[in-house]
>>> print(open('data_35.txt').read())   # compact mmCIF, C-alpha atoms
# COMPACT_ATOMS: atom_id res chain seq x y z
CA MET A 1 0.00 0.00 0.00
CA THR A 2 1.38 3.41 -0.97
CA GLU A 3 1.72 6.30 1.47
CA PRO A 4 -1.30 8.18 0.00
CA GLN A 5 -3.38 5.00 0.26
CA ARG A 6 -2.35 4.52 3.88
CA GLY A 7 -3.38 8.11 4.51
CA LEU A 8 -6.81 7.59 2.97
CA GLU A 9 -7.37 4.43 5.00
CA ALA A 10 -6.62 6.34 8.20
CA LEU A 11 -9.11 9.04 7.16
CA LYS A 12 -11.81 6.46 6.44
CA ARG A 13 -11.30 4.92 9.86
CA GLU A 14 -11.47 8.33 11.54
CA ALA A 15 -14.79 9.13 9.84
CA ALA A 16 -16.20 5.72 10.79
CA VAL A 17 -15.23 6.17 14.44
CA ARG A 18 -17.02 9.53 14.53
CA ALA A 19 -20.16 7.96 13.08
CA CYS A 20 -20.12 5.11 15.60
CA ALA A 21 -20.14 7.67 18.42
CA LEU A 22 -23.81 8.29 17.49
CA VAL A 23 -24.75 4.68 18.24
CA ARG A 24 -26.40 4.03 21.61
CA SER A 25 -26.97 0.78 23.49
CA GLY A 26 -30.04 -1.17 22.36
CA MET A 27 -30.00 0.18 18.81
CA ARG A 28 -30.65 -1.73 15.60
CA VAL A 29 -27.88 -0.71 13.23
CA GLY A 30 -27.61 -1.14 9.47
CA LEU A 31 -24.11 -2.33 8.62
CA GLY A 32 -22.85 -1.05 5.29
CA THR A 33 -20.49 -2.66 2.83
CA GLY A 34 -17.12 -1.63 1.48
CA SER A 35 -13.72 -0.34 2.48
CA THR A 36 -15.05 2.48 4.69
CA ALA A 37 -18.03 0.67 6.21
CA LYS A 38 -15.75 -2.11 7.43
CA TYR A 39 -14.13 0.35 9.83
CA ALA A 40 -17.53 1.14 11.31
CA ILE A 41 -18.20 -2.57 11.84
CA LEU A 42 -14.79 -3.03 13.46
CA GLU A 43 -15.38 -0.02 15.74
CA LEU A 44 -18.84 -1.24 16.77
CA GLY A 45 -17.33 -4.63 17.55
CA ARG A 46 -14.64 -2.96 19.67
CA LEU A 47 -17.22 -0.92 21.59
CA VAL A 48 -19.36 -4.01 22.24
CA GLN A 49 -16.41 -6.11 23.35
CA ALA A 50 -15.26 -3.29 25.65
CA GLY A 51 -18.71 -3.11 27.23
CA ASP A 52 -19.28 0.46 26.07
CA LEU A 53 -22.31 -0.64 24.02
CA THR A 54 -24.80 -3.37 24.84
CA GLY A 55 -27.82 -4.82 23.09
CA ILE A 56 -26.61 -3.84 19.61
CA VAL A 57 -28.25 -5.74 16.76
CA GLY A 58 -26.76 -5.38 13.29
CA VAL A 59 -28.48 -5.87 9.95
CA ALA A 60 -25.87 -6.49 7.28
CA THR A 61 -26.07 -5.23 3.71
CA SER A 62 -23.90 -8.01 2.27
CA GLU A 63 -22.62 -11.47 3.04
CA ALA A 64 -19.14 -10.00 3.54
CA SER A 65 -20.37 -7.50 6.13
CA ASP A 66 -22.40 -10.20 7.86
CA THR A 67 -19.30 -12.38 8.18
CA LEU A 68 -17.12 -9.51 9.41
CA ALA A 69 -19.71 -8.38 11.97
CA ARG A 70 -20.08 -11.85 13.45
CA SER A 71 -16.30 -12.23 13.60
CA VAL A 72 -16.01 -9.19 15.89
CA GLY A 73 -18.81 -10.33 18.20
CA LEU A 74 -21.80 -8.42 16.85
CA THR A 75 -25.27 -9.97 16.83
CA VAL A 76 -26.61 -9.97 13.27
CA GLU A 77 -30.23 -10.47 12.24
CA ALA A 78 -31.94 -10.63 8.87
CA LEU A 79 -33.72 -7.58 7.50
CA ASP A 80 -37.37 -7.45 8.51
CA PRO A 81 -40.00 -4.66 8.48
CA ARG A 82 -38.87 -3.14 11.80
CA PRO A 83 -37.10 0.21 11.45
CA LEU A 84 -33.39 0.65 12.04
CA ASP A 85 -32.22 3.36 14.40
CA ILE A 86 -29.10 4.10 12.37
CA ALA A 87 -27.36 2.77 9.28
CA ILE A 88 -23.69 3.54 8.64
CA ASP A 89 -22.22 3.16 5.18
CA GLY A 90 -19.68 4.59 2.78
CA ALA A 91 -20.30 6.30 -0.54
CA ASP A 92 -18.63 6.64 -3.91
CA GLU A 93 -19.76 10.27 -4.29
CA ILE A 94 -21.48 12.81 -2.03
CA ASP A 95 -23.04 16.01 -3.35
CA PRO A 96 -23.85 19.17 -1.32
CA GLN A 97 -27.42 17.94 -0.63
CA LEU A 98 -26.05 14.62 0.71
CA ASN A 99 -27.36 12.74 -2.29
CA VAL A 100 -24.92 9.93 -2.93
CA ILE A 101 -23.84 7.35 -5.45
CA LYS A 102 -23.13 3.89 -4.08
CA GLY A 103 -22.49 0.49 -5.55
CA LEU A 104 -18.84 0.28 -6.58
CA GLY A 105 -18.62 -2.38 -3.87
CA GLY A 106 -21.42 -4.32 -5.56
CA ALA A 107 -23.96 -4.29 -2.72
CA LEU A 108 -26.24 -1.46 -3.81
CA LEU A 109 -29.52 -3.40 -3.79
CA ARG A 110 -29.13 -4.81 -0.29
CA GLU A 111 -27.77 -1.48 0.91
CA LYS A 112 -30.80 0.41 -0.36
CA LEU A 113 -33.30 -2.18 0.91
CA THR A 114 -31.72 -1.93 4.36
CA GLU A 115 -30.95 1.76 4.59
CA VAL A 116 -34.34 2.99 3.44
CA GLN A 117 -35.62 1.63 6.78
CA ALA A 118 -33.11 3.62 8.85
CA ARG A 119 -34.24 6.66 10.82
CA HIS A 120 -30.77 8.08 10.22
CA LEU A 121 -28.43 7.10 7.39
CA ILE A 122 -24.89 8.16 8.26
CA ILE A 123 -22.42 8.33 5.39
CA VAL A 124 -18.71 8.01 6.18
CA ALA A 125 -16.10 8.93 3.59
CA ASP A 126 -12.82 10.61 2.92
CA HIS A 127 -12.65 14.01 1.26
CA THR A 128 -12.02 12.59 -2.23
CA LYS A 129 -15.68 11.45 -2.38
CA VAL A 130 -17.13 14.97 -2.12
CA VAL A 131 -18.31 16.40 -5.47
CA GLU A 132 -20.30 19.37 -6.72
CA HIS A 133 -22.61 17.11 -8.75
CA LEU A 134 -23.15 13.38 -8.96
CA GLY A 135 -21.24 11.67 -11.73
CA GLU A 136 -18.30 14.04 -11.48
CA LYS A 137 -15.87 11.23 -10.65
CA ALA A 138 -17.71 7.94 -10.33
CA PRO A 139 -19.89 5.93 -12.70
CA LEU A 140 -23.43 5.03 -11.68
CA PRO A 141 -23.69 1.32 -10.81
CA ILE A 142 -26.94 -0.22 -12.05
CA GLU A 143 -27.88 -3.74 -10.94
CA ILE A 144 -29.49 -5.69 -13.78
CA ALA A 145 -30.99 -9.13 -14.18
CA ARG A 146 -28.67 -11.74 -15.69
CA PHE A 147 -31.38 -13.12 -17.97
CA GLY A 148 -31.31 -11.18 -21.22
CA PHE A 149 -28.66 -8.82 -19.87
CA LEU A 150 -27.40 -7.83 -23.32
CA SER A 151 -30.89 -6.63 -24.21
CA THR A 152 -31.10 -4.71 -20.94
CA ILE A 153 -27.75 -3.06 -21.66
CA ASP A 154 -29.01 -2.09 -25.11
CA ARG A 155 -32.04 -0.42 -23.52
CA LEU A 156 -29.82 1.32 -20.95
CA ARG A 157 -27.54 2.68 -23.66
CA ALA A 158 -30.53 4.41 -25.19
CA VAL A 159 -30.70 6.41 -21.93
CA LEU A 160 -27.01 6.57 -20.97
CA PRO A 161 -24.80 5.79 -23.98
CA GLY A 162 -21.54 5.46 -22.05
CA GLY A 163 -20.89 2.52 -19.76
CA ARG A 164 -19.87 -1.10 -19.51
CA LEU A 165 -20.77 -4.35 -17.85
CA ARG A 166 -18.68 -4.85 -14.73
CA GLN A 167 -16.29 -7.67 -15.53
CA PRO A 168 -13.17 -7.79 -13.33
CA GLY A 169 -11.98 -11.08 -14.84
CA ALA A 170 -13.01 -13.64 -17.39
CA GLN A 171 -16.62 -13.58 -16.18
CA PRO A 172 -18.95 -10.71 -15.27
CA TYR A 173 -19.17 -9.64 -11.63
CA VAL A 174 -22.12 -11.31 -9.86
CA THR A 175 -23.82 -9.64 -6.89
CA ASP A 176 -24.97 -11.40 -3.71
CA ASN A 177 -28.40 -11.45 -5.38
CA GLY A 178 -27.16 -13.27 -8.48
CA ASN A 179 -27.37 -10.22 -10.75
CA TYR A 180 -24.92 -8.28 -12.93
CA ILE A 181 -23.85 -4.65 -12.64
CA TYR A 182 -23.67 -2.13 -15.46
CA ASP A 183 -21.48 0.88 -14.65
CA ALA A 184 -22.96 3.84 -16.53
CA GLN A 185 -21.24 7.12 -17.28
CA LEU A 186 -23.41 10.06 -16.29
CA PRO A 187 -23.78 13.19 -18.44
CA GLY A 188 -22.50 16.58 -17.35
CA ALA A 189 -25.94 17.92 -16.51
CA PHE A 190 -29.03 15.98 -15.44
CA ASP A 191 -31.69 15.82 -12.75
CA PRO A 192 -30.91 12.79 -10.55
CA ALA A 193 -34.53 12.14 -9.51
CA THR A 194 -35.77 12.25 -13.10
CA LEU A 195 -32.96 10.02 -14.33
CA GLU A 196 -33.52 7.53 -11.53
CA ARG A 197 -37.20 7.18 -12.45
CA GLN A 198 -36.25 6.68 -16.09
CA LEU A 199 -33.67 4.02 -15.24
CA LYS A 200 -35.96 2.21 -12.81
CA GLY A 201 -38.56 2.10 -15.56
CA THR A 202 -36.14 0.35 -17.92
CA LEU A 203 -36.96 -3.34 -18.31
CA GLY A 204 -34.27 -5.54 -16.76
CA VAL A 205 -33.06 -2.94 -14.25
CA VAL A 206 -33.27 -4.14 -10.65
CA GLU A 207 -31.92 -1.06 -8.83
CA THR A 208 -29.68 1.96 -9.32
CA GLY A 209 -26.84 3.33 -7.22
CA PHE A 210 -28.62 6.65 -6.67
CA PHE A 211 -29.33 7.13 -2.95
CA LEU A 212 -31.33 10.34 -3.10
CA GLY A 213 -32.72 12.12 -0.06
CA MET A 214 -31.75 9.24 2.21
CA ALA A 215 -28.61 10.36 4.06
CA THR A 216 -29.16 12.58 7.08
CA HIS A 217 -25.52 13.02 8.14
CA ALA A 218 -22.09 12.57 6.64
CA PHE A 219 -18.72 12.45 8.33
CA VAL A 220 -16.03 13.44 5.84
CA ALA A 221 -12.42 13.02 6.88
CA ALA A 222 -9.70 15.22 5.41
CA PRO A 223 -6.05 15.70 6.45
CA ASP A 224 -7.09 18.66 8.63
CA GLY A 225 -9.85 16.77 10.47
CA VAL A 226 -13.34 15.29 10.22
CA THR A 227 -16.25 17.47 9.12
CA GLU A 228 -19.84 16.61 9.97
CA LEU A 229 -22.31 17.50 7.21
CA LEU A 230 -26.07 17.62 7.64
CA ARG A 231 -28.64 17.28 4.88
CA PRO A 232 -29.93 20.77 4.02
CA THR A 233 -33.50 21.43 5.10
CA ALA A 234 -36.01 22.80 2.61
>>> encode(input="data_35.txt", output="C-alpha cells")
Amino acid sequence: MTEPQRGLEALKREAAVRACALVRSGMRVGLGTGSTAKYAILELGRLVQAGDLTGIVGVATSEASDTLARSVGLTVEALDPRPLDIAIDGADEIDPQLNVIKGLGGALLREKLTEVQARHLIIVADHTKVVEHLGEKAPLPIEIARFGFLSTIDRLRAVLPGGRLRQPGAQPYVTDNGNYIYDAQLPGAFDPATLERQLKGTLGVVETGFFLGMATHAFVAAPDGVTELLRPTA
C-alpha cells in the first residue's frame, strides 16, 4: 500500500469512528459494505467487546459484512419490516445535498433495501468522495438481471450511452443477489430524480446506485480533520 493509500485508509477509519459515536446501546444498526463501512463494523465490535455498548443488533447489507460483523462479536439479524435506528455506510460520491452514489462495492440493492428503513443514514467517507454534482468522478452502478442482460444493456444505452458491464476477470461480476452490474457514465448535466425514475422504468433494471434524499448526516475526513455534514432542510 502506498503512502497516499495509507493516509486515505486512516481518514476512512477516523470518519467511521465519529459515526459510531452516534450509536447508543439497544439500537438496531444497518451495517454497510465496502472499504469504509468495514471500519464502522470493526469499531462497533470494539465498543461491544469493551462493554461500552450493549444490546446492539446489526443488519448487514452483504454477506461479507455479515461475516465480518459476526467475527467481531456483533449480533446480526436478517432484515425485517422493523425500522433501524441508524445505518452507517460509505459512498462513492457525495453532493452538497447529501445525495450519494453507491455500488462500486457491488452491494447497492441490499444497501438500499436496508438503509431505506433507517431513521438516520450516516455516510462516512474521505474528502475525495465529495463532489459538486453526482457523476463528477464515479460511474453510476446499475444492478441488472442476468437473464437477457445484453438486451437490458441495449435499452440502458438508449438512456445513458456510455458505460460497460462490470467484468473484473473472465466472467462478469455477480452480486450477492445473483445479478450483474452495469457501470454507466453520467452526463455533465441531469436531474438525478428524473434520471432515476427513467432508469428504474427500464426493463431488466433491478436497482440503481442513486441514494437520493436518504442520508441525514455525513462524516467526511480530510487531512485537517473530520467534518460533519447535515442534509440541508427545505
>>> closest_residue(input="data_35.txt", among="A:Ala78, A:Ala184, A:Val174, A:Leu109", to="Asp66 in chain A", atoms="only C-alpha atoms")
A:Ala78
>>> residues_around(input="data_35.txt", residues="Pro161 in chain A", least_positions_apart="2", cutoff="12 Å", atoms="all atoms listed in the file", output="PDB file with C-alpha atoms, in the frame of the given file")
ATOM      1  CA  ILE A 153     -27.750  -3.060 -21.660  1.00  0.00           C
ATOM      2  CA  ASP A 154     -29.010  -2.090 -25.110  1.00  0.00           C
ATOM      3  CA  ARG A 155     -32.040  -0.420 -23.520  1.00  0.00           C
ATOM      4  CA  LEU A 156     -29.820   1.320 -20.950  1.00  0.00           C
ATOM      5  CA  ARG A 157     -27.540   2.680 -23.660  1.00  0.00           C
ATOM      6  CA  ALA A 158     -30.530   4.410 -25.190  1.00  0.00           C
ATOM      7  CA  VAL A 159     -30.700   6.410 -21.930  1.00  0.00           C
ATOM      8  CA  GLY A 163     -20.890   2.520 -19.760  1.00  0.00           C
ATOM      9  CA  ARG A 164     -19.870  -1.100 -19.510  1.00  0.00           C
ATOM     10  CA  TYR A 182     -23.670  -2.130 -15.460  1.00  0.00           C
ATOM     11  CA  ASP A 183     -21.480   0.880 -14.650  1.00  0.00           C
ATOM     12  CA  ALA A 184     -22.960   3.840 -16.530  1.00  0.00           C
ATOM     13  CA  GLN A 185     -21.240   7.120 -17.280  1.00  0.00           C
ATOM     14  CA  LEU A 186     -23.410  10.060 -16.290  1.00  0.00           C
ATOM     15  CA  PRO A 187     -23.780  13.190 -18.440  1.00  0.00           C
TER      16      PRO A 187
END
>>> residues_around(input="data_35.txt", residues="range 74-76 of chain A", least_positions_apart="6", cutoff="8 Å", atoms="all atoms listed in the file", output="VMD selection string")
chain A and resid 44 to 45 48 56 to 60 66
>>> atom_distance(input="data_35.txt", atom1="CA of Val23 in chain A", atom2="CA of Ala222 in chain A")
22.4 Å
>>> residues_around(input="data_35.txt", residues="range 206-217 of chain A", least_positions_apart="5", cutoff="7 Å", atoms="all atoms listed in the file", output="PyMOL selection string")
chain A and resi 98-103+108-109+116+120-123+140-145+196+200+228-231
>>> atom_distance(input="data_35.txt", atom1="CA of Arg70 in chain A", atom2="CA of Ala91 in chain A")
22.9 Å
>>> residues_around(input="data_35.txt", residues="Glu136 in chain A", least_positions_apart="3", cutoff="9 Å", atoms="only C-alpha atoms", output="ChimeraX atom specification")
/A:93,131-133,139,186-188
>>> atom_distance(input="data_35.txt", atom1="CA of Ala16 in chain A", atom2="CA of Leu53 in chain A")
15.9 Å
